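Data first, discussion second: the structure below is written as structure tokens.
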Number of protein chains: 2
Amino acid sequence: MIKNYRLAKVEQREALRCGLLDAASRLLVSEGLEALTMRRIAEEVQASTQVLYTLFGNKEGLFEGLYREGFDRLRQQLEAVPPSAPLDRLLNLGRAYREFGQSNPTYFAVLFSQVIPGFTPSPEIIQEAGPILEVFAVAIQDCMEAEVLAKADVSQTAKVIFAAIHGVISLELIGYLKKQSDQPELSQQIFELTMSSILKGLAMT
Amino acid sequence: MIKNYRLAKVEQREALRCGLLDAASRLLVSEGLEALTMRRIAEEVQASTQVLYTLFGNKEGLFEGLYREGFDRLRQQLEAVPPSAPLDRLLNLGRAYREFGQSNPTYFAVLFSQVIPGFTPSPEIIQEAGPILEVFAVAIQDCMEAEVLAKADVSQTAKVIFAAIHGVISLELIGYLKKQSDQPELSQQIFELTMSSILKGLAMT
DNA sequence: GAGATGTAAATAACAACGTTATAATAAATA
DNA sequence: TATTTATTATAACGTTGTTATTTACATCTC
């Protein structure tokens with residue numbers, strides 16, 4: 001009986017935690033980073049700001065939850081890429097990553113831009129990025145075994161490919177790849193060219 | 001006489017403007033983004049916050065000045081790269097970019113991270129990035145003429161190379177390329193591997 | 001030259017933010 | 001039942017960007 005009470009307690013607590021994170025997530029997506037204030041989040045679930053501090057400690061703690069959520073969404077989007085020939089799959093993973101950034105720009109900013117001035121993501125949070133790199137790593141491993149990529153350190157290769165892709169999308173989201181006055185240079189072209197180039201380069205021994 | 005007074009006025013005004021931007025720049029480098037508040041900047045030159053608003057309008061206006069300064073510093077660092085064989089020069093330009101990011105992480109954040117929640121850089125500011133891409137473009141043009149890179153659209157190629165390099169440095173600065181538990185993976189290795197791979201890929205017809 | 005005028009600066013205030021001290025309320029323990 | 005603990009709501013504090021108000025001052029008009 002007492003145990004049930006306690007269990008209910010922690011469950012309720014966890015539910016409240018999830019509800020707050022969910023509200024924060026919704027605010028982030030629908031109204032952007034500006035709307036993501038402690039008062040606004042609390043108001044969204046009709047609670048006081050105090051609960052945010054008992055559950056998350058401070059705003060950084062709440063952001064850690066958003067990190068996890070963001071990485072999870074990204075991972076799910078990557079894992080939803082259907083199987084295909086090794087190299088095609090790698091290309092499609094890259095395209096899925098781009099699509100994630102474009103459809104969730106605010107989450108992308110939370111994950112990869114420093115949206116809180118003095119806040120550097122903790123080692124624990126950085127470790128949350130592991131599964132994303134892992135998805136790329138297995139696809140790369142397949143490519144190496146199919147001999148469409150040169151055999152090399154898989155982890156390093158994954159980081160190289162991920163970084164290149166990430167660079168294009170970062171610049172694109174800020175607006176640095178927009179056309180300047182003359183011909184309309186499509187960001188997608190740059191993206192595809194970057195992917196094909198880096199893969200070509202990594203295919204050589 | 002009257003003209004001299006007016007001239008002196010605008011000169012004084014411009015001097016004050018430069019002084020404020022300089023103070024902001026110093027604060028940004030020495031104490032980071034957290035210290036970059038309107039009150040702190042004004043205090044640094046012993047003035048009231050009001051002058052900041054008459055000269056820059058608001059904080060975003062002041063940040064536009066920092067954008068220009070940041071891009072200028074980056075351009076200078078790139079132009080300081082000594083001439084060498086085309087491909088070597090391109091590699092050294094990449095390394096200079098990396099060095100800029102590592103020695104000026106806060107400026108890097110201003111230029112490429114969205115440090116003000118609701119603020120997207122204006123087209124004018126984005127155009128400030130032109131000279132940087134241009135430095136890469138001429139080096140790439142040389143590489144194409146020397147036939148160490150395949151002939152292609154120079155502007156597009158510049159963006160591809162820049163994006164790949166930028167991706168590595170972005171991830172590195174946030175901390176995502178740090179070693180995870182086992183072998184100490186040097187970020188520099190990833191950087192060099194990314195550059196050589198993308199250049200190899202772009203060398204093929 | 002004296003008063004009107006318009007501009008820029010200093011001061012103080014405002015709204016909103018993250019955070020915390022205080023007080024009240026519920027629950028667990030003895 | 002009494003007491004201690006934990007959690008919440010309320011209100012407040014300090015700081016932020018920004019603005020209203022006042023004050024100083026240089027310029028223009030008569």
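Ligands are numbered from 1 in the order shown, residues from 1 within each chain, and chains are lettered A, B, ... in the order they appear in the structure tokens.
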- Item | Residue contacts of range 14-17 of chain B (12 Å, only C-alpha atoms (C1' of nucleotides)) excluding same-chain residues fewer than 4 positions away, as a ChimeraX atom specification | /B:7-10,21-24,41-42,45-47,51-57,61-62,65-66
Filtering to N, CA and C atoms, could you give me those residues as a tab-separated table (two decimals), in the first residue's frame?
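Saved file out.tsv follows:
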chain	number	residue	atom	x	y	z
B	7	LEU	N	31.49	68.64	-39.35
B	7	LEU	CA	32.43	67.57	-39.65
B	7	LEU	C	32.97	66.97	-38.36
B	8	ALA	N	33.36	67.85	-37.47
B	8	ALA	CA	33.89	67.40	-36.18
B	8	ALA	C	32.83	66.56	-35.46
B	9	LYS	N	31.61	66.99	-35.61
B	9	LYS	CA	30.50	66.28	-34.97
B	9	LYS	C	30.39	64.84	-35.46
B	10	VAL	N	30.32	64.71	-36.77
B	10	VAL	CA	30.16	63.35	-37.30
B	10	VAL	C	31.42	62.52	-37.07
B	21	LEU	N	32.08	49.77	-30.49
B	21	LEU	CA	32.24	48.47	-31.14
B	21	LEU	C	33.51	47.78	-30.66
B	22	ASP	N	34.54	48.59	-30.46
B	22	ASP	CA	35.80	48.04	-29.98
B	22	ASP	C	35.63	47.46	-28.58
B	23	ALA	N	34.93	48.20	-27.75
B	23	ALA	CA	34.68	47.72	-26.39
B	23	ALA	C	33.87	46.42	-26.42
B	24	ALA	N	32.86	46.41	-27.29
B	24	ALA	CA	32.04	45.21	-27.42
B	24	ALA	C	32.90	44.04	-27.88
B	41	ILE	N	28.74	47.21	-21.98
B	41	ILE	CA	29.47	47.87	-23.07
B	41	ILE	C	29.54	49.38	-22.82
B	42	ALA	N	28.39	49.94	-22.44
B	42	ALA	CA	28.35	51.38	-22.17
B	42	ALA	C	29.28	51.73	-21.02
B	45	VAL	N	33.03	52.21	-21.77
B	45	VAL	CA	33.53	53.48	-22.29
B	45	VAL	C	33.00	54.65	-21.47
B	46	GLN	N	32.53	54.35	-20.28
B	46	GLN	CA	32.06	55.38	-19.34
B	46	GLN	C	30.92	56.21	-19.91
B	47	ALA	N	30.03	55.58	-20.60
B	47	ALA	CA	28.89	56.31	-21.16
B	47	ALA	C	27.59	55.66	-20.69
B	51	VAL	N	23.46	56.06	-25.51
B	51	VAL	CA	24.26	56.30	-26.72
B	51	VAL	C	24.24	55.07	-27.62
B	52	LEU	N	24.20	53.91	-27.01
B	52	LEU	CA	24.15	52.69	-27.81
B	52	LEU	C	22.89	52.66	-28.68
B	53	TYR	N	21.83	53.18	-28.14
B	53	TYR	CA	20.56	53.14	-28.88
B	53	TYR	C	20.49	54.24	-29.93
B	54	THR	N	21.15	55.37	-29.67
B	54	THR	CA	21.17	56.41	-30.71
B	54	THR	C	22.11	56.00	-31.84
B	55	LEU	N	23.15	55.26	-31.53
B	55	LEU	CA	24.12	54.90	-32.57
B	55	LEU	C	23.79	53.59	-33.29
B	56	PHE	N	23.17	52.65	-32.58
B	56	PHE	CA	22.95	51.33	-33.19
B	56	PHE	C	21.48	50.93	-33.25
B	57	GLY	N	20.61	51.71	-32.62
B	57	GLY	CA	19.19	51.37	-32.66
B	57	GLY	C	18.82	50.39	-31.58
B	61	GLY	N	21.35	45.83	-33.96
B	61	GLY	CA	22.14	46.77	-34.74
B	61	GLY	C	23.60	46.74	-34.33
B	62	LEU	N	23.83	46.64	-33.04
B	62	LEU	CA	25.20	46.54	-32.55
B	62	LEU	C	25.84	45.24	-33.03
B	65	GLY	N	27.39	45.30	-36.40
B	65	GLY	CA	28.75	45.80	-36.38
B	65	GLY	C	29.74	44.71	-36.03
B	66	LEU	N	29.36	43.86	-35.09
B	66	LEU	CA	30.25	42.76	-34.70
B	66	LEU	C	30.38	41.74	-35.83
Would you tabulate, counting only C-alpha atoms (C1' of nucleotides), all residues of chain C that have an atom at most 9 Å from an atom of chain A, showing the closest pair of atoms and their distance in Å to one decimal, sorted by chain then ascending number, as a Markdown table?
| residue | atom | partner | partner_atom | distance |
| --- | --- | --- | --- | --- |
| C:DC17 | C1' | A:Thr37 | CA | 7.7 |
| C:DG18 | C1' | A:Met38 | CA | 7.6 |
| C:DT19 | C1' | A:Asn58 | CA | 8.2 |
Output for the residues just chosen: C-alpha atoms (C1' of nucleotides) as a PDB file, in the first residue's frame:
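As a result, part_21.pdb now contains:
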ATOM      1  C1'  DC C  17      13.631  37.218 -17.714  1.00  0.00           C
ATOM      2  C1'  DG C  18      16.031  33.429 -14.555  1.00  0.00           C
ATOM      3  C1'  DT C  19      16.172  32.436  -9.989  1.00  0.00           C
TER       4       DT C  19
END
- May I ask which of the residues A:Pro82, A:Gly94, A:Gly70, A:Gly101 is the closest one to Ile174 in chain A, counting only C-alpha atoms? A:Gly101
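The interatomic distance for the pair CA of Leu28 in chain A and CA of Pro105 in chain A works out to 9.6 Å.
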- So how many Å separate CA of Ile169 in chain B and CA of Ala80 in chain B, to one decimal?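 Atom-to-atom, CA of Ile169 in chain B and CA of Ala80 in chain B are spaced 19.7 Å apart.
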- From the set B:Val135, B:Leu33, B:Tyr97, B:Leu74, which residue has the shortest atom-to-atom contact distance to chain A, counting only C-alpha atoms?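 Result for the nearest residue to chain A: B:Leu33.
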